[in-house]
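Step one of this worksheet: look at the structure below.
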Amino acid sequence: MQNLRVAVDVGGTFTDICIMDEASGLIRIEKTATTRDPIEGIMGGVSKAGIDLSKVALFSHGTTVATNALITRRLPRTAVVTTQGFRDVIEIRRANKEDLWDTYKDVVKPYVPRRDRLTVPERIDAAGKVIEPLDVDAAREVARILKRRGVAAIAVCFMNAYLNGANERAMRDILLKEMPDIPVSISSQVLPEIFEHERFSTTVANAVVSPVVVSYTTRLGDRLADEGYTRDLLLLHTGGGVMTPASVKDFAARLAGSGIAAGAIASRYIAGLCGFPNSIGLDMGGTSTDVSLAYEGQSRITKDWYIEFGYPIRFASIEVLTIGAGGGSLAWTDPAGSLRNGPQSAGAHPGPACYGNGNTQPTNTDANVTMGRLGTSLAGGKVTLDPELAHQAVEDGVAKPFGLGLHEAADAILKVANANMSDAVRLISISRGYDPRDFALVAFGGAGALHGVDVARELAIPVVIVPPNPGVTSALGCLLVDMQHDFSQSCMVGADEADSADIEAQFAVLEKEALARLTHEGVAAQDIVLQRSIDMMYRGQWRSLAVSAPRPIGPISDLVQSFHAEHKREYNFRRDDSPVSFFRLNLKAIGVVPKAEFAVHKATGAIPEPVDRRRVWFDGNGLDTPVYQRDDLPCGFSFQGPAIIEQVDATTVMPPGASAEVDKYLNIIIRVKE
């Protein structure tokens, strides 16, 4: 009987495995060291957890393989075939820089060097009309050249192909006839949208990671099948859904950034269970913190993202803001004499000073140990912390240079770290037109629950939610997603000229493609959900806003009014008398995956006793603080701060004035006193 659901999230240090029993809804976790070949770590963790893969109904995986390949540039040789005269589009880019004022910092080179970017005569005009058919002889010669060079993947990017992909398809057929086993990405399929650099860049990124990702998913799928797994391997992508290996060959770059999306999905789901449709996810690990936002139960989606500056990947992605603030982030002094925190990190080895591996610079973990917020061990006793080494690092690195006492210095380190995280939350909330006071903060990751209440207080967020297993919440997110694909089509027309029937016809074409894709992946018709939106803008602008579109399309005036309202919410102004333009039609195709229900617990009335008491520093005062074991806290238990809650994968800090209750899903709901 297949009654288990398994999710795996591969991180830089640990591979997290989350196992849910469909019948009971109970969850258990396993952590194992990440290996050089991630598949070995995954299979080792599966074995360590005692999972019988023949009893697994769903195996979902968030992977960093595509992200790491782009960051490290360990990429197979890839070629670009483009329109004659446009060989350098991906190198010219937008001619901008990440740091405008740094004269000496250059943008990194393109993923494909110039010698492997070849051109062919062809041309399509701005209306989509073929004014020069593909030169077949030149195309065949390019195919022969690339075959001799032994390229592993090819990106075909022709001008104005987003309107008419006929020439690109013809070029792909010629390439595949010469090299039938080589993945060929064409821009009219990968991203049929205006703006040639973004379209070219996304297609190139898709091509360069395709051999890497296809090899990885094939090998992992084979290993799982050899051990008894009989279903499709599901792979989490940046848009917040999963895809099967059948779609990876054509859309491999959707897996870039796969891992960080899982945490955003899990935090949104957990907040919804607790009755909070508006939530902010704070995923703080050892090196970085990922911040995400969900409004009215929906995650914010963006198309403005990249792995390396200058080379955008325009697939729809859950918006996640990442900053260098984690347990291992270093406290340091800048040339002006100010205390800073991160993004430099002590990493997993040597790690914080209290690990005893030779690092002497203070980190956030050392500050938390000094303040008594962390005890003397982590990960269930697998990591021992030395308080004396933490005290020495804080004393030498911050206390003496700034003339502070030991605990004042540790408090200063944590305040700077909390300020950095609060600024990140402001960027994703206040700067987007959302008031943090209307949200709940979901604190997870290995260190999120240590800092969650302090960050909430700084932003006047009234509620903090700590999930039952904060350290593996991202892995849990892989169990909470549906199959999902995003389709788009340029539709550049003024609202005063737009025709509802014409837009409906264009959506029908997208829906036909979406249904074919999901049917190919084995999704039943009754499990398919299609969601429409239209990107709109005031005439003369180039940035657009997505507005939900009904099915069928109603009066154009209703869409325009929806756009005015959305513009008011996002930017705090609207111009009802300004003409509005349509820019792009979007379709989100969802294949609903049945989800097991979380176990529901009943209040017992039991009052657990603290397992320890220790002196913990809050606001300059050392307070005698009870320490609870998380597994001892029953449903319905209420308590007041100060308190420390310890568990295998995280520590939760409740300062004075905060109150908490354990809900029926065993989440800790903390009410923050302003």
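Ordering of the structure tokens sets the chain letters (A, B, ...); residue numbers start at 1 within each chain; ligands are numbered from 1 in the order shown.
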Do you have, as CSV, the list of residues of region 216-334 of chain A lying at most 6 Å from region 205-210 of chain A, each with its nearest atom pair and that distance in Å to one decimal, counting only C-alpha atoms and ordered by chain then number?
```
residue,atom,partner,partner_atom,distance
A:Lys249,CA,A:Ser210,CA,6.0
A:Ala252,CA,A:Ser210,CA,5.1
A:Ala253,CA,A:Asn206,CA,4.4
```
With all heavy atoms kept, could you save the residues just selected as a PDB file, in the first residue's frame?
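What landed in result.pdb:
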```pdb
ATOM      1  N   LYS A 249      13.415  18.763 -20.050  1.00  0.00           N
ATOM      2  CA  LYS A 249      14.247  18.929 -21.240  1.00  0.00           C
ATOM      3  C   LYS A 249      13.972  20.256 -21.931  1.00  0.00           C
ATOM      4  O   LYS A 249      14.884  20.916 -22.421  1.00  0.00           O
ATOM      5  CB  LYS A 249      14.013  17.770 -22.203  1.00  0.00           C
ATOM      6  CG  LYS A 249      14.907  17.815 -23.439  1.00  0.00           C
ATOM      7  CD  LYS A 249      14.683  16.599 -24.326  1.00  0.00           C
ATOM      8  CE  LYS A 249      15.562  16.656 -25.569  1.00  0.00           C
ATOM      9  NZ  LYS A 249      15.360  15.482 -26.457  1.00  0.00           N
ATOM     10  N   ALA A 252      14.386  23.551 -18.613  1.00  0.00           N
ATOM     11  CA  ALA A 252      15.326  23.226 -17.538  1.00  0.00           C
ATOM     12  C   ALA A 252      15.606  24.413 -16.628  1.00  0.00           C
ATOM     13  O   ALA A 252      15.790  24.254 -15.416  1.00  0.00           O
ATOM     14  CB  ALA A 252      16.639  22.709 -18.131  1.00  0.00           C
ATOM     15  N   ALA A 253      15.650  25.633 -17.178  1.00  0.00           N
ATOM     16  CA  ALA A 253      15.998  26.810 -16.368  1.00  0.00           C
ATOM     17  C   ALA A 253      14.922  27.143 -15.341  1.00  0.00           C
ATOM     18  O   ALA A 253      15.167  27.944 -14.441  1.00  0.00           O
ATOM     19  CB  ALA A 253      16.252  28.022 -17.259  1.00  0.00           C
TER      20      ALA A 253
END
```
| Residue contacts of region 72-74 of chain A (9 Å, only C-alpha atoms) excluding same-chain residues fewer than 4 positions away, as a list of chain:residue names |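 Those residues are A:Thr67, A:Asn68, A:Tyr111.
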Could you save the residues just selected, with N, CA, C and O atoms, as a compact mmCIF listing (two decimals), in the first residue's frame?
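File written: selection.txt
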```txt
# COMPACT_ATOMS: atom_id res chain seq x y z
N THR A 67 20.90 25.89 -10.25
CA THR A 67 21.46 27.12 -9.66
C THR A 67 22.97 27.02 -9.52
O THR A 67 23.71 27.94 -9.91
N ASN A 68 23.44 25.92 -8.97
CA ASN A 68 24.87 25.74 -8.77
C ASN A 68 25.63 25.70 -10.09
O ASN A 68 26.76 26.21 -10.20
N TYR A 111 27.14 33.34 -20.79
CA TYR A 111 27.31 31.89 -20.64
C TYR A 111 27.86 31.25 -21.91
O TYR A 111 28.45 30.17 -21.85
```
| Selected residue, from A:Val547, A:Val453, A:Ile174, A:Leu330, that lies nearest to Gly657 (chain A) when counting only C-alpha atoms | A:Val453
| said: Please identify the helix (DSSP H, G or I) residues within region 166-394 of chain A (assignment by DSSP from backbone atoms) and present them as JSON, numbers by chain. | reply: {"A": [166, 167, 168, 169, 170, 171, 172, 173, 174, 175, 176, 177, 178, 187, 188, 189, 190, 196, 197, 198, 199, 200, 201, 202, 203, 204, 205, 206, 207, 208, 209, 210, 211, 212, 213, 214, 215, 216, 217, 218, 219, 220, 221, 222, 223, 224, 225, 226, 245, 246, 247, 248, 252, 253, 254, 255, 258, 259, 260, 261, 262, 263, 264, 265, 266, 267, 268, 269, 270, 271, 272, 273, 353, 354, 355, 364, 365, 366, 367, 368, 369, 370, 379, 380, 381, 387, 388, 389, 390, 391, 392, 393, 394]}
| query | region 217-373 of chain A: which residues are strand (DSSP E or B) by DSSP, as an MDAnalysis selection string? | reply | chainID A and resid 233:236 242:243 279:284 289:295 298:299 301:302 306 312 317:318 320:323 329:333 339:345 363
